[in-house]
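Structure first, commentary second.
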Amino acid sequence: MAQSRWIEINCDMGEGFGRWKMGPDEELMRYVDVANVACGFHAGDPSIMVRTVRLAKQRGVRIGAHPGMPDLLGFGRRRMTVSPDDMYALVLYQVGALAGILAAEGVPLNHVKPHGELYFYIQRDADIRDAVLRAVRTFNVPIYGMPTPDMIEACQRIGLELIPEFYTDIDYDEEGKLVPVAESVPVTPDLIAERIRTFASTGQTRTKVGNMVNIPIDKQGFSICIHSDMPGALENAAAARAAVKGIQEA
């Protein structure tokens, strides 16, 4: 029997700091299946992490760690050079902090999803990729990411499950690679829904310059990312949920 299609929505959350709030986390929880909780380096702090975990637990939303670069001022989206040994420690430290909070709340760690520049750093640097994957393997959970040939090979070699992601609120380039947030064109809820429906039916998406490109993700099962810090994040998430529901009911 063929495996049934699965599509989920994940969202980066808990990305405020102290008195500063970033996204509408409470409202977003209604529309998502998975919360990626910031772990204090690009955003988040201990109290926000606890509150976000409790909110997700209340809503029945699965919880993963969202480690980032040590860059609060740049929201973890600026390039910096970090040694593989330091990167291994940075990821262990951040995920370990969230794992402790989850243990206190009686909730399992679902996965790890790197944030921002760390997500891109993993794609372009083999040593950093291995360092991050080795750190994640410690927690015996999957990693969310782009299923490029290099990423697939590294995960198989290190013994880590890779959950493929499709992005709807940032652009892809002509090679099917992600474009950074700062270089992407702003989206609308209608565009979010259109991208999901198009990818689910064809395995393609429209690039920043308007061409169709294949995305190396099995459209039979994938996770859709929504950024909580984007303008219109709540409307984007609602549109994504409606599109997914339509696909699943078709």
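Residues in the structure tokens are named by chain (A, B, ... in the order shown) and by number from 1 within that chain; ligands are numbered from 1 in the order shown.
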
Next item on the list: Pick out the residues sitting within 10 Å of stretch 134-150 of chain A, and hand them over as an MDAnalysis selection string; count only C-alpha atoms, and ignore anything fewer than 4 positions along from it in its own chain.
Entry: chainID A and resid 10 36 64:66 87:93 95:96 99 108:115 119:120 122:126 128:130 154:155 158:167 176:178 215:218 222:223 225

Selected residues written out with C-alpha atoms, as a short mmCIF file (atom, residue, chain, number, x, y, z; two decimals), in the first residue's frame:
```
data_model
loop_
_atom_site.label_atom_id
_atom_site.label_comp_id
_atom_site.auth_asym_id
_atom_site.auth_seq_id
_atom_site.Cartn_x
_atom_site.Cartn_y
_atom_site.Cartn_z
CA ASN A 10 6.01 24.69 11.08
CA ASN A 36 10.46 26.01 16.36
CA GLY A 64 11.51 21.75 18.26
CA ALA A 65 14.64 23.75 19.03
CA HIS A 66 15.53 26.71 16.80
CA MET A 87 29.58 25.65 16.31
CA TYR A 88 29.20 22.15 17.74
CA ALA A 89 29.24 23.65 21.25
CA LEU A 90 26.86 26.48 20.33
CA VAL A 91 24.23 24.07 19.01
CA LEU A 92 24.63 21.68 21.95
CA TYR A 93 24.24 24.59 24.36
CA VAL A 95 19.27 22.75 22.14
CA GLY A 96 20.27 21.51 25.59
CA ALA A 99 15.56 20.21 26.16
CA PRO A 108 9.43 15.61 24.22
CA LEU A 109 11.82 17.41 21.89
CA ASN A 110 10.46 16.88 18.37
CA HIS A 111 13.32 18.12 16.19
CA VAL A 112 15.98 20.75 15.63
CA LYS A 113 15.71 23.45 12.96
CA PRO A 114 18.61 25.89 12.44
CA HIS A 115 17.71 29.56 12.13
CA TYR A 119 20.56 27.47 8.02
CA PHE A 120 22.55 28.90 5.08
CA ILE A 122 25.15 24.58 6.91
CA GLN A 123 24.41 24.50 3.19
CA ARG A 124 27.66 26.10 2.03
CA ASP A 125 30.24 24.77 4.54
CA ALA A 126 30.83 21.01 4.93
CA ILE A 128 29.97 23.45 9.80
CA ARG A 129 27.32 21.09 8.44
CA ASP A 130 28.99 18.09 10.08
CA ALA A 154 25.75 14.07 5.48
CA CYS A 155 22.58 13.11 7.35
CA ILE A 158 25.99 10.74 10.53
CA GLY A 159 22.75 8.84 11.13
CA LEU A 160 20.22 11.65 11.29
CA GLU A 161 16.72 11.87 9.85
CA LEU A 162 16.15 14.87 7.59
CA ILE A 163 12.68 16.44 7.41
CA PRO A 164 12.38 18.39 4.13
CA GLU A 165 11.02 21.94 4.19
CA PHE A 166 9.22 24.01 1.58
CA TYR A 167 9.32 27.78 2.06
CA GLY A 176 16.03 26.01 -6.55
CA LYS A 177 17.97 27.39 -3.59
CA LEU A 178 16.55 29.70 -0.96
CA ILE A 215 12.38 21.94 -5.79
CA PRO A 216 14.18 18.77 -4.61
CA ILE A 217 11.52 17.80 -2.08
CA ASP A 218 9.21 14.79 -2.25
CA PHE A 222 7.01 17.83 3.52
CA SER A 223 6.91 20.59 6.12
CA CYS A 225 7.76 26.95 6.98
#
```

Note to self: I'd like to know which residues of stretch 153-240 of chain A are strand (DSSP E or B) (by DSSP, run on the backbone); could you write them as a ChimeraX atom specification?
What the structure shows: /A:162-167,172,178,204-206,212-214,221-227

Checklist line | Separation of atom CA of A:Cys11 from atom CA of A:Val32 in Å | finding: 6.7 Å

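Proximity of A:Ile170, A:Ile226, A:Ala97, A:Ile9 to A:Ser47, computed with only C-alpha atoms, is greatest for A:Ala97.
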
Next item on the list: Quick one: everything within 7 Å of A:Arg62, counting only C-alpha atoms, minus sequence neighbours fewer than 2 positions away in the same chain. Send it as a PyMOL selection string.
Entry: chain A and resi 33-35+56+60+64+110

Next item on the list: Please identify which residues in stretch 43-163 of chain A DSSP calls alpha helix (DSSP H) from the backbone, and express them as a PyMOL selection string.
Entry: chain A and resi 46-59+84-105+116-124+126-137+149-158

Notebook entry, point to check: Suppose you want the space between atom CA of A:Ile63 and atom CA of A:Leu98; what is it in Å?
Noted result: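 Answer for the atom CA of A:Ile63 to atom CA of A:Leu98 separation: 9.6 Å.
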
Next item on the list: Report the distance between atom CA of A:Gly44 and atom CA of A:Phe17 in Å, rounded to one decimal place.
Entry: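 Going from atom CA of A:Gly44 over to atom CA of A:Phe17, I get 5.0 Å.
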
Next item on the list: Mind checking which residues fall within 10 Å of A:Ser228, counting only C-alpha atoms, ignoring those fewer than 2 positions away in the same chain, and posting them as a ChimeraX atom specification?
Entry: /A:11-15,22-25,28,225-226,230-234,236-237

Item checked: Within 9 Å of A:Ile7 using only C-alpha atoms, minus same-chain residues under 5 positions, as number ranges by chain -> A: 219-224, 244, 248

Next, write the just-selected residues to a file, as an mmCIF file, in the first residue's frame, keeping C-alpha atoms as the atom set.
```cif
data_model
loop_
_atom_site.group_PDB
_atom_site.id
_atom_site.type_symbol
_atom_site.label_atom_id
_atom_site.label_comp_id
_atom_site.auth_asym_id
_atom_site.auth_seq_id
_atom_site.Cartn_x
_atom_site.Cartn_y
_atom_site.Cartn_z
ATOM 1 C CA LYS A 219 5.812 16.471 -2.521
ATOM 2 C CA GLN A 220 4.314 13.323 -0.974
ATOM 3 C CA GLY A 221 5.570 14.492 2.428
ATOM 4 C CA PHE A 222 7.015 17.832 3.515
ATOM 5 C CA SER A 223 6.914 20.590 6.116
ATOM 6 C CA ILE A 224 5.896 24.144 5.212
ATOM 7 C CA VAL A 244 -3.167 22.524 3.143
ATOM 8 C CA GLN A 248 -5.761 17.051 2.019
#
```

Which residues come within 10 Å of A:Asp171, counting only C-alpha atoms, excluding same-chain residues fewer than 4 positions away, as a short mmCIF file (atom, residue, chain, number, x, y, z; two decimals) with N, CA and C atoms, in the first residue's frame?
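Below you can see part.cif, which holds the result:
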```cif
data_model
loop_
_atom_site.label_atom_id
_atom_site.label_comp_id
_atom_site.auth_asym_id
_atom_site.auth_seq_id
_atom_site.Cartn_x
_atom_site.Cartn_y
_atom_site.Cartn_z
N TYR A 167 9.52 26.41 1.57
CA TYR A 167 9.32 27.78 2.06
C TYR A 167 8.33 28.52 1.16
N GLY A 176 16.89 26.65 -7.54
CA GLY A 176 16.03 26.01 -6.55
C GLY A 176 16.55 26.15 -5.14
N LYS A 177 17.44 27.12 -4.92
CA LYS A 177 17.97 27.39 -3.59
C LYS A 177 17.26 28.57 -2.97
N LEU A 178 17.24 28.61 -1.65
CA LEU A 178 16.55 29.70 -0.96
C LEU A 178 17.27 31.02 -1.10
N VAL A 179 16.49 32.08 -1.19
CA VAL A 179 17.00 33.44 -1.18
C VAL A 179 16.85 33.98 0.24
N PRO A 180 17.86 34.65 0.80
CA PRO A 180 17.72 35.19 2.16
C PRO A 180 16.52 36.10 2.31
N VAL A 181 16.03 36.20 3.52
CA VAL A 181 14.83 37.00 3.81
C VAL A 181 14.99 38.43 3.31
N GLU A 183 16.55 39.62 0.92
CA GLU A 183 16.58 39.75 -0.54
C GLU A 183 15.30 39.23 -1.20
N SER A 184 14.36 38.76 -0.40
CA SER A 184 13.12 38.22 -0.95
C SER A 184 12.05 39.29 -1.11
N VAL A 185 11.12 39.05 -2.02
CA VAL A 185 10.02 39.97 -2.27
C VAL A 185 8.92 39.72 -1.24
N PRO A 186 8.32 40.77 -0.67
CA PRO A 186 7.23 40.57 0.29
C PRO A 186 6.09 39.76 -0.32
N VAL A 187 5.45 38.94 0.53
CA VAL A 187 4.39 38.06 0.04
C VAL A 187 3.02 38.51 0.55
N THR A 205 8.09 25.64 -7.96
CA THR A 205 7.67 26.94 -7.48
C THR A 205 8.23 28.00 -8.41
N ARG A 206 7.68 29.20 -8.31
CA ARG A 206 8.14 30.29 -9.16
C ARG A 206 9.31 31.01 -8.49
N THR A 207 10.37 31.27 -9.24
CA THR A 207 11.56 31.92 -8.69
C THR A 207 11.32 33.41 -8.52
N LYS A 208 12.31 34.07 -7.93
CA LYS A 208 12.21 35.50 -7.70
C LYS A 208 12.03 36.28 -9.00
N VAL A 209 12.62 35.78 -10.09
CA VAL A 209 12.50 36.48 -11.38
C VAL A 209 11.33 35.97 -12.22
#
```

Margin query: Using only C-alpha atoms, can you tell me which of A:Val37, A:Met212, A:Ala240, A:Ile48 comes closest to A:Val61?
Written below: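 When distances to A:Val61 are compared using only C-alpha atoms, the smallest one comes from A:Val37.
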
Checklist line | Pick from A:Ala242, A:Gly76, A:Ala200, A:Gln156 nearest to A:Arg5, counting only C-alpha atoms | finding: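 For A:Arg5, the nearest of the candidates is A:Ala200.
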